[in-house]
>>> print(open('protein-v4.cif').read())   # mmCIF, C-alpha atoms; chains and numbers go by the auth columns
data_target
loop_
_atom_site.group_PDB
_atom_site.id
_atom_site.type_symbol
_atom_site.label_atom_id
_atom_site.label_comp_id
_atom_site.label_asym_id
_atom_site.label_seq_id
_atom_site.Cartn_x
_atom_site.Cartn_y
_atom_site.Cartn_z
_atom_site.B_iso_or_equiv
_atom_site.auth_seq_id
_atom_site.auth_asym_id
ATOM 1 C CA MET A 1 53.322 72.632 92.776 0.00 2 Y
ATOM 2 C CA ARG A 2 56.445 70.434 92.737 0.00 3 Y
ATOM 3 C CA TYR A 3 59.947 71.859 92.930 0.00 4 Y
ATOM 4 C CA VAL A 4 62.709 69.545 91.630 0.00 5 Y
ATOM 5 C CA LEU A 5 66.445 69.982 92.288 0.00 6 Y
ATOM 6 C CA PRO A 6 69.518 67.691 92.345 0.00 7 Y
ATOM 7 C CA LEU A 7 70.106 65.751 95.530 0.00 8 Y
ATOM 8 C CA ALA A 8 73.540 67.349 96.064 0.00 9 Y
ATOM 9 C CA ALA A 9 72.053 70.810 95.757 0.00 10 Y
ATOM 10 C CA ALA A 10 69.321 70.082 98.298 0.00 11 Y
ATOM 11 C CA ALA A 11 71.925 70.494 101.026 0.00 12 Y
ATOM 12 C CA MET A 12 74.358 72.890 99.357 0.00 13 Y
ATOM 13 C CA THR A 13 76.270 73.027 96.103 0.00 14 Y
ATOM 14 C CA VAL A 14 79.595 74.781 95.810 0.00 15 Y
ATOM 15 C CA ALA A 15 81.050 75.599 92.384 0.00 16 Y
ATOM 16 C CA ALA A 16 84.601 74.872 93.534 0.00 17 Y
ATOM 17 C CA VAL A 17 83.899 71.192 94.400 0.00 18 Y
ATOM 18 C CA ALA A 18 86.078 69.009 92.187 0.00 19 Y
ATOM 19 C CA GLN A 19 84.148 65.744 92.602 0.00 20 Y
ATOM 20 C CA PRO A 20 80.382 66.338 92.386 0.00 21 Y
ATOM 21 C CA ALA A 21 77.966 63.950 94.028 0.00 22 Y
ATOM 22 C CA ALA A 22 76.543 61.146 91.924 0.00 23 Y
ATOM 23 C CA ALA A 23 73.697 62.325 89.758 0.00 24 Y
ATOM 24 C CA ALA A 24 70.371 61.868 91.524 0.00 25 Y
ATOM 25 C CA ASP A 25 67.143 63.839 91.789 0.00 26 Y
ATOM 26 C CA VAL A 26 64.988 64.497 94.791 0.00 27 Y
ATOM 27 C CA THR A 27 61.550 66.058 94.534 0.00 28 Y
ATOM 28 C CA ILE A 28 60.691 68.801 96.993 0.00 29 Y
ATOM 29 C CA GLN A 29 56.962 69.315 97.296 0.00 30 Y
ATOM 30 C CA THR A 30 55.933 72.969 97.443 0.00 31 Y
ATOM 31 C CA THR A 31 52.422 74.323 97.536 0.00 32 Y
ATOM 32 C CA ASN A 32 53.462 77.973 97.373 0.00 33 Y
ATOM 33 C CA PRO A 33 55.466 80.151 94.981 0.00 34 Y
ATOM 34 C CA VAL A 34 59.260 80.163 95.187 0.00 35 Y
ATOM 35 C CA ILE A 35 61.765 83.032 95.181 0.00 36 Y
ATOM 36 C CA GLU A 36 65.128 82.747 93.432 0.00 37 Y
ATOM 37 C CA LEU A 37 67.814 85.230 94.477 0.00 38 Y
ATOM 38 C CA SER A 38 71.427 85.845 93.528 0.00 39 Y
ATOM 39 C CA VAL A 39 73.483 87.714 96.125 0.00 40 Y
ATOM 40 C CA TYR A 40 77.080 88.920 95.923 0.00 41 Y
ATOM 41 C CA GLU A 41 78.870 89.810 99.131 0.00 42 Y
ATOM 42 C CA GLN A 42 82.446 91.063 99.424 0.00 43 Y
ATOM 43 C CA VAL A 43 84.636 91.566 102.482 0.00 44 Y
ATOM 44 C CA GLU A 44 87.684 93.832 102.439 0.00 45 Y
ATOM 45 C CA VAL A 45 90.800 92.663 104.254 0.00 46 Y
ATOM 46 C CA GLU A 46 94.375 93.832 104.586 0.00 47 Y
ATOM 47 C CA PRO A 47 96.679 91.903 102.214 0.00 48 Y
ATOM 48 C CA ASP A 48 99.592 89.868 103.523 0.00 49 Y
ATOM 49 C CA ILE A 49 101.053 88.730 100.183 0.00 50 Y
ATOM 50 C CA VAL A 50 102.440 90.830 97.337 0.00 51 Y
ATOM 51 C CA THR A 51 103.492 89.384 93.970 0.00 52 Y
ATOM 52 C CA ILE A 52 105.977 91.165 91.709 0.00 53 Y
ATOM 53 C CA GLY A 53 107.079 90.229 88.204 0.00 54 Y
ATOM 54 C CA ALA A 54 110.688 90.837 87.136 0.00 55 Y
ATOM 55 C CA GLY A 55 112.277 90.289 83.748 0.00 56 Y
ATOM 56 C CA VAL A 56 115.449 90.733 81.750 0.00 57 Y
ATOM 57 C CA SER A 57 115.632 91.382 77.993 0.00 58 Y
ATOM 58 C CA THR A 58 118.858 90.980 75.997 0.00 59 Y
ATOM 59 C CA MET A 59 119.828 91.726 72.394 0.00 60 Y
ATOM 60 C CA ALA A 60 122.662 89.947 70.534 0.00 61 Y
ATOM 61 C CA PRO A 61 123.673 89.199 66.901 0.00 62 Y
ATOM 62 C CA THR A 62 122.915 85.468 67.220 0.00 63 Y
ATOM 63 C CA ALA A 63 120.260 83.440 69.001 0.00 64 Y
ATOM 64 C CA VAL A 64 122.866 81.509 71.003 0.00 65 Y
ATOM 65 C CA ALA A 65 124.578 84.682 72.185 0.00 66 Y
ATOM 66 C CA ALA A 66 121.272 86.342 73.111 0.00 67 Y
ATOM 67 C CA LEU A 67 120.082 83.381 75.157 0.00 68 Y
ATOM 68 C CA ARG A 68 123.418 82.878 76.892 0.00 69 Y
ATOM 69 C CA GLN A 69 123.733 86.537 77.844 0.00 70 Y
ATOM 70 C CA ASN A 70 120.129 86.678 78.964 0.00 71 Y
ATOM 71 C CA SER A 71 120.565 83.580 81.126 0.00 72 Y
ATOM 72 C CA ALA A 72 123.622 85.101 82.794 0.00 73 Y
ATOM 73 C CA ASP A 73 121.800 88.393 83.420 0.00 74 Y
ATOM 74 C CA MET A 74 118.723 86.632 84.775 0.00 75 Y
ATOM 75 C CA LYS A 75 120.827 84.537 87.132 0.00 76 Y
ATOM 76 C CA LYS A 76 122.106 87.746 88.709 0.00 77 Y
ATOM 77 C CA VAL A 77 118.532 88.899 89.267 0.00 78 Y
ATOM 78 C CA ILE A 78 117.449 85.564 90.765 0.00 79 Y
ATOM 79 C CA ASP A 79 120.532 85.472 92.997 0.00 80 Y
ATOM 80 C CA ARG A 80 119.626 88.949 94.222 0.00 81 Y
ATOM 81 C CA ILE A 81 116.055 87.849 94.955 0.00 82 Y
ATOM 82 C CA LYS A 82 117.357 84.927 97.025 0.00 83 Y
ATOM 83 C CA ALA A 83 119.816 87.197 98.822 0.00 84 Y
ATOM 84 C CA LEU A 84 116.844 89.282 99.962 0.00 85 Y
ATOM 85 C CA GLY A 85 115.541 86.237 101.831 0.00 86 Y
ATOM 86 C CA VAL A 86 112.874 85.091 99.363 0.00 87 Y
ATOM 87 C CA ALA A 87 112.376 81.321 99.501 0.00 88 Y
ATOM 88 C CA GLU A 88 112.869 79.105 96.420 0.00 89 Y
ATOM 89 C CA ARG A 89 109.199 78.125 96.409 0.00 90 Y
ATOM 90 C CA ASP A 90 108.216 81.795 96.084 0.00 91 Y
ATOM 91 C CA ILE A 91 110.243 82.344 92.891 0.00 92 Y
ATOM 92 C CA GLN A 92 108.709 80.980 89.692 0.00 93 Y
ATOM 93 C CA THR A 93 109.740 81.359 86.050 0.00 94 Y
ATOM 94 C CA THR A 94 106.745 82.621 84.081 0.00 95 Y
ATOM 95 C CA GLY A 95 108.173 82.951 80.576 0.00 96 Y
ATOM 96 C CA ILE A 96 111.259 82.593 78.391 0.00 97 Y
ATOM 97 C CA ASN A 97 111.188 84.030 74.867 0.00 98 Y
ATOM 98 C CA LEU A 98 113.637 84.263 71.965 0.00 99 Y
ATOM 99 C CA ASN A 99 112.701 86.205 68.829 0.00 100 Y
ATOM 100 C CA ALA A 100 114.399 87.668 65.777 0.00 101 Y
ATOM 101 C CA GLN A 101 114.157 91.470 65.634 0.00 102 Y
ATOM 102 C CA TYR A 102 113.808 93.532 62.464 0.00 103 Y
ATOM 103 C CA ASP A 103 113.676 97.188 61.478 0.00 104 Y
ATOM 104 C CA TYR A 104 111.727 98.321 58.442 0.00 105 Y
ATOM 105 C CA ASP A 105 113.730 100.219 55.821 0.00 106 Y
ATOM 106 C CA GLN A 106 111.248 102.749 54.455 0.00 107 Y
ATOM 107 C CA GLN A 107 113.504 103.803 51.573 0.00 108 Y
ATOM 108 C CA ASN A 108 114.084 100.303 50.238 0.00 109 Y
ATOM 109 C CA GLN A 109 110.783 98.941 51.587 0.00 110 Y
ATOM 110 C CA ARG A 110 112.227 95.882 53.187 0.00 111 Y
ATOM 111 C CA GLN A 111 112.935 94.456 56.612 0.00 112 Y
ATOM 112 C CA VAL A 112 116.445 94.724 58.006 0.00 113 Y
ATOM 113 C CA PHE A 113 117.577 92.104 60.493 0.00 114 Y
ATOM 114 C CA ARG A 114 118.768 93.641 63.795 0.00 115 Y
ATOM 115 C CA GLY A 115 119.555 90.538 65.842 0.00 116 Y
ATOM 116 C CA TYR A 116 117.879 88.322 68.407 0.00 117 Y
ATOM 117 C CA GLN A 117 116.107 89.353 71.577 0.00 118 Y
ATOM 118 C CA ALA A 118 115.922 86.938 74.508 0.00 119 Y
ATOM 119 C CA SER A 119 113.768 87.574 77.562 0.00 120 Y
ATOM 120 C CA ASN A 120 113.188 85.770 80.822 0.00 121 Y
ATOM 121 C CA ARG A 121 110.598 86.597 83.490 0.00 122 Y
ATOM 122 C CA VAL A 122 109.993 85.418 87.035 0.00 123 Y
ATOM 123 C CA SER A 123 107.165 85.913 89.497 0.00 124 Y
ATOM 124 C CA VAL A 124 108.263 86.752 93.037 0.00 125 Y
ATOM 125 C CA LYS A 125 105.946 86.269 96.004 0.00 126 Y
ATOM 126 C CA LEU A 126 106.777 88.388 99.055 0.00 127 Y
ATOM 127 C CA ARG A 127 105.341 87.449 102.429 0.00 128 Y
ATOM 128 C CA GLN A 128 106.572 90.692 103.999 0.00 129 Y
ATOM 129 C CA ILE A 129 104.659 93.234 101.976 0.00 130 Y
ATOM 130 C CA GLN A 130 106.355 96.189 103.657 0.00 131 Y
ATOM 131 C CA ARG A 131 109.522 95.210 101.753 0.00 132 Y
ATOM 132 C CA ALA A 132 107.923 95.596 98.307 0.00 133 Y
ATOM 133 C CA GLY A 133 109.557 98.944 97.531 0.00 134 Y
ATOM 134 C CA GLU A 134 112.949 97.734 98.711 0.00 135 Y
ATOM 135 C CA VAL A 135 112.704 94.612 96.560 0.00 136 Y
ATOM 136 C CA LEU A 136 111.608 96.549 93.456 0.00 137 Y
ATOM 137 C CA ASP A 137 114.649 98.802 93.711 0.00 138 Y
ATOM 138 C CA ALA A 138 116.968 95.863 94.380 0.00 139 Y
ATOM 139 C CA LEU A 139 115.691 94.025 91.284 0.00 140 Y
ATOM 140 C CA VAL A 140 116.413 96.993 89.032 0.00 141 Y
ATOM 141 C CA ALA A 141 119.854 97.407 90.581 0.00 142 Y
ATOM 142 C CA ALA A 142 120.530 93.716 89.888 0.00 143 Y
ATOM 143 C CA GLY A 143 119.749 94.139 86.186 0.00 144 Y
ATOM 144 C CA ALA A 144 115.990 93.688 85.763 0.00 145 Y
ATOM 145 C CA THR A 145 114.911 95.675 82.711 0.00 146 Y
ATOM 146 C CA ASP A 146 111.173 95.510 83.291 0.00 147 Y
ATOM 147 C CA LEU A 147 108.907 94.994 86.286 0.00 148 Y
ATOM 148 C CA SER A 148 105.221 94.285 86.746 0.00 149 Y
ATOM 149 C CA GLY A 149 102.876 94.403 89.692 0.00 150 Y
ATOM 150 C CA PRO A 150 102.640 94.704 92.593 0.00 151 Y
ATOM 151 C CA ASP A 151 99.578 92.472 92.994 0.00 152 Y
ATOM 152 C CA PHE A 152 98.262 92.153 96.552 0.00 153 Y
ATOM 153 C CA SER A 153 96.377 89.170 97.921 0.00 154 Y
ATOM 154 C CA VAL A 154 95.607 87.251 101.107 0.00 155 Y
ATOM 155 C CA ASP A 155 97.367 84.001 101.932 0.00 156 Y
ATOM 156 C CA ASP A 156 94.398 82.570 103.866 0.00 157 Y
ATOM 157 C CA ASP A 157 91.012 84.193 103.329 0.00 158 Y
ATOM 158 C CA THR A 158 88.991 81.451 105.053 0.00 159 Y
ATOM 159 C CA ALA A 159 87.705 83.744 107.799 0.00 160 Y
ATOM 160 C CA ALA A 160 86.890 86.518 105.322 0.00 161 Y
ATOM 161 C CA LYS A 161 84.963 84.088 103.086 0.00 162 Y
ATOM 162 C CA ALA A 162 83.003 82.871 106.128 0.00 163 Y
ATOM 163 C CA ALA A 163 82.076 86.451 107.005 0.00 164 Y
ATOM 164 C CA ALA A 164 80.980 87.058 103.408 0.00 165 Y
ATOM 165 C CA ARG A 165 78.787 83.923 103.463 0.00 166 Y
ATOM 166 C CA LYS A 166 77.103 84.975 106.714 0.00 167 Y
ATOM 167 C CA SER A 167 76.426 88.452 105.379 0.00 168 Y
ATOM 168 C CA ALA A 168 75.143 87.069 102.048 0.00 169 Y
ATOM 169 C CA LEU A 169 72.699 84.694 103.736 0.00 170 Y
ATOM 170 C CA GLU A 170 71.426 87.399 106.075 0.00 171 Y
ATOM 171 C CA ARG A 171 70.875 89.807 103.181 0.00 172 Y
ATOM 172 C CA ALA A 172 69.180 87.146 101.057 0.00 173 Y
ATOM 173 C CA GLN A 173 66.883 86.243 103.955 0.00 174 Y
ATOM 174 C CA ARG A 174 65.813 89.871 104.331 0.00 175 Y
ATOM 175 C CA GLN A 175 65.177 90.243 100.611 0.00 176 Y
ATOM 176 C CA ALA A 176 63.217 86.998 100.429 0.00 177 Y
ATOM 177 C CA LEU A 177 61.027 88.082 103.362 0.00 178 Y
ATOM 178 C CA GLU A 178 60.321 91.374 101.623 0.00 179 Y
ATOM 179 C CA TYR A 179 59.160 89.574 98.481 0.00 180 Y
ATOM 180 C CA ALA A 180 57.059 87.157 100.505 0.00 181 Y
ATOM 181 C CA ARG A 181 55.310 89.894 102.479 0.00 182 Y
ATOM 182 C CA PHE A 182 54.672 91.939 99.343 0.00 183 Y
ATOM 183 C CA ALA A 183 52.987 88.827 97.934 0.00 184 Y
ATOM 184 C CA GLY A 184 50.865 88.271 101.045 0.00 185 Y
ATOM 185 C CA TYR A 185 52.960 85.599 102.784 0.00 186 Y
ATOM 186 C CA SER A 186 54.442 85.858 106.272 0.00 187 Y
ATOM 187 C CA ASN A 187 57.669 83.853 106.029 0.00 188 Y
ATOM 188 C CA VAL A 188 60.022 81.893 103.757 0.00 189 Y
ATOM 189 C CA ARG A 189 61.621 78.450 103.788 0.00 190 Y
ATOM 190 C CA LEU A 190 65.113 77.951 102.351 0.00 191 Y
ATOM 191 C CA LEU A 191 65.198 75.221 99.688 0.00 192 Y
ATOM 192 C CA GLN A 192 68.578 75.511 97.973 0.00 193 Y
ATOM 193 C CA VAL A 193 71.930 77.281 98.216 0.00 194 Y
ATOM 194 C CA SER A 194 74.727 77.329 95.619 0.00 195 Y
ATOM 195 C CA GLU A 195 77.952 79.286 95.782 0.00 196 Y
ATOM 196 C CA SER A 196 80.753 80.483 93.535 0.00 197 Y
ATOM 197 C CA ILE A 197 83.967 81.961 94.865 0.00 198 Y
ATOM 198 C CA THR A 198 85.412 85.312 93.785 0.00 199 Y
ATOM 199 C CA GLY A 199 88.490 87.282 94.750 0.00 200 Y
ATOM 200 C CA ASN A 200 91.977 86.330 95.926 0.00 201 Y
ATOM 201 C CA GLY A 201 92.765 84.484 92.760 0.00 202 Y
ATOM 202 C CA PRO A 202 95.523 84.972 90.255 0.00 203 Y
ATOM 203 C CA GLN A 203 95.429 88.247 88.451 0.00 204 Y
ATOM 204 C CA PRO A 204 97.168 89.449 85.317 0.00 205 Y
ATOM 205 C CA PRO A 205 100.272 91.489 86.035 0.00 206 Y
ATOM 206 C CA ARG A 206 99.916 95.246 85.984 0.00 207 Y
ATOM 207 C CA PRO A 207 102.914 97.190 84.675 0.00 208 Y
ATOM 208 C CA VAL A 208 104.547 99.576 87.104 0.00 209 Y
ATOM 209 C CA MET A 209 107.809 100.236 85.275 0.00 210 Y
ATOM 210 C CA ALA A 210 108.655 99.627 81.627 0.00 211 Y
ATOM 211 C CA GLN A 211 112.266 99.186 80.535 0.00 212 Y
ATOM 212 C CA ALA A 212 113.729 100.524 83.786 0.00 213 Y
ATOM 213 C CA ARG A 213 117.431 101.248 83.425 0.00 214 Y
ATOM 214 C CA MET A 214 118.538 102.366 86.874 0.00 215 Y
ATOM 215 C CA ALA A 215 117.469 102.220 90.487 0.00 216 Y
ATOM 216 C CA SER A 216 115.829 105.223 92.056 0.00 217 Y
ATOM 217 C CA ALA A 217 117.560 107.132 94.814 0.00 218 Y
ATOM 218 C CA GLU A 218 114.889 106.034 97.292 0.00 219 Y
ATOM 219 C CA LYS A 219 112.874 102.842 97.429 0.00 220 Y
ATOM 220 C CA ALA A 220 109.700 102.844 95.352 0.00 221 Y
ATOM 221 C CA PRO A 221 106.647 103.880 97.421 0.00 222 Y
ATOM 222 C CA VAL A 222 104.142 101.024 97.594 0.00 223 Y
ATOM 223 C CA GLN A 223 100.754 101.290 99.325 0.00 224 Y
ATOM 224 C CA PRO A 224 99.061 97.917 100.007 0.00 225 Y
ATOM 225 C CA GLY A 225 95.567 99.273 100.722 0.00 226 Y
ATOM 226 C CA VAL A 226 92.953 96.531 101.036 0.00 227 Y
ATOM 227 C CA VAL A 227 91.818 93.654 98.826 0.00 228 Y
ATOM 228 C CA GLY A 228 88.368 92.218 98.387 0.00 229 Y
ATOM 229 C CA THR A 229 87.337 88.598 98.725 0.00 230 Y
ATOM 230 C CA GLY A 230 83.771 87.441 98.349 0.00 231 Y
ATOM 231 C CA VAL A 231 81.135 84.927 97.344 0.00 232 Y
ATOM 232 C CA ASN A 232 78.296 84.779 94.841 0.00 233 Y
ATOM 233 C CA VAL A 233 75.376 82.920 96.401 0.00 234 Y
ATOM 234 C CA SER A 234 72.246 81.736 94.599 0.00 235 Y
ATOM 235 C CA LEU A 235 69.344 80.849 96.877 0.00 236 Y
ATOM 236 C CA THR A 236 65.843 79.472 96.422 0.00 237 Y
ATOM 237 C CA TYR A 237 63.102 80.088 99.016 0.00 238 Y
ATOM 238 C CA GLU A 238 59.500 78.958 99.274 0.00 239 Y
ATOM 239 C CA MET A 239 56.957 81.515 100.439 0.00 240 Y
ATOM 240 C CA VAL A 240 54.982 80.225 103.421 0.00 241 Y
ATOM 241 C CA LYS A 241 52.025 81.528 105.427 0.00 242 Y
#
>>> encode(input="protein-v4.cif", output="structure tokens")
Amino acid sequence: MRYVLPLAAAAMTVAAVAQPAAAADVTIQTTNPVIELSVYEQVEVEPDIVTIGAGVSTMAPTAVAALRQNSADMKKVIDRIKALGVAERDIQTTGINLNAQYDYDQQNQRQVFRGYQASNRVSVKLRQIQRAGEVLDALVAAGATDLSGPDFSVDDDTAAKAAARKSALERAQRQALEYARFAGYSNVRLLQVSESITGNGPQPPRPVMAQARMASAEKAPVQPGVVGTGVNVSLTYEMVK
């Protein structure tokens, strides 16, 4: 039996590699059956980053007035974010919208123009997650009319990913040995490993407060919990005597 796989994969292929090796094939000679496994392993870690979305919506009779008022209101929110000690690089505009608004007149069966609505949203990354509740309240007090998040993540999950890889390989080895022994073989030989990364990536915002109008008397309670980061590993083994 001959088992064929790309040269790059013979050592290890990682899905996140931007520049793959030049296309080439190497033939691995096998005289025994092979086992193909897919293993997912996740490690839970305490987050050290929290991301919050904040936005301002404004209504006005004209588009110019709506956008100008919205810009002024949003500047107050951004100034407040900076006053809390958040760095410029951790504040990012995620959307600016301007739309005409209409009501539907049921009696006359026609749309009635109400004005223009302008909205502006920013994403705020906090590196002191214990301040999340304080920041949420401060944003509302500064004029934010809607919030989203919080979304927790890990700034550097290198060590966690390494632990997940080790655990995945150990589990795959045990499973492969089980298959081999069930089939009458005593051991296995690793032929190929490929990996795809999961966890700790961008996530869609989750609403926590819609159209908030006033700050609460106490800061919003926020529990960071844990976040998961992991790897999907595909492995190929040869059964050996």
>>> residues_near_point(input="protein-v4.cif", point="(115.3, 89.0, 100.1)", cutoff="10 Å", atoms="all atoms listed in the file", output="list of chain:residue names")
Y:Asp80, Y:Arg81, Y:Ile82, Y:Lys83, Y:Ala84, Y:Leu85, Y:Gly86, Y:Val87, Y:Ala88, Y:Leu127, Y:Gln129, Y:Arg132, Y:Glu135, Y:Val136, Y:Ala139
>>> resolve_selection(input="protein-v4.cif", expression="the PyMOL selection byres ((chain Y and resi 55) around 8)", output="ChimeraX atom specification")
/Y:53-54,56-57,122-125,140,145-149
>>> resolve_selection(input="protein-v4.cif", expression="the PyMOL selection byres ((chain Y and resi 98) around 6)", output="JSON, numbers by chain")
{"Y": [97, 99, 119, 120]}
>>> resolve_selection(input="protein-v4.cif", expression="the PyMOL selection byres ((chain Y and resi 44-51) around 9)", output="PyMOL selection string")
chain Y and resi 42-43+52-53+125-130+133+150-158+161-162+164-165+225-231
>>> closest_residue(input="protein-v4.cif", among="Y:Pro222, Y:Gly116, Y:Pro34, Y:Gly134", to="Val189 (chain Y)", atoms="only C-alpha atoms")
Y:Pro34
>>> atom_distance(input="protein-v4.cif", atom1="CA of Arg182 (chain Y)", atom2="CA of Val234 (chain Y)")
22.1 Å
>>> residues_near_point(input="protein-v4.cif", point="(65.2, 89.5, 102.1)", cutoff="12 Å", atoms="all atoms listed in the file", output="JSON, numbers by chain")
{"Y": [36, 37, 38, 39, 40, 168, 169, 170, 171, 172, 173, 174, 175, 176, 177, 178, 179, 180, 181, 182, 183, 188, 189, 190, 191, 236, 237, 238, 240]}
>>> closest_residue(input="protein-v4.cif", among="Y:Thr94, Y:Gln107, Y:Thr59, Y:Asn100", to="Ile79 (chain Y)", atoms="all atoms listed in the file")
Y:Thr94
>>> atom_distance(input="protein-v4.cif", atom1="CA of Val113 (chain Y)", atom2="CA of Ala67 (chain Y)")
17.9 Å
>>> atom_distance(input="protein-v4.cif", atom1="CA of Glu239 (chain Y)", atom2="CA of Ser187 (chain Y)")
11.1 Å
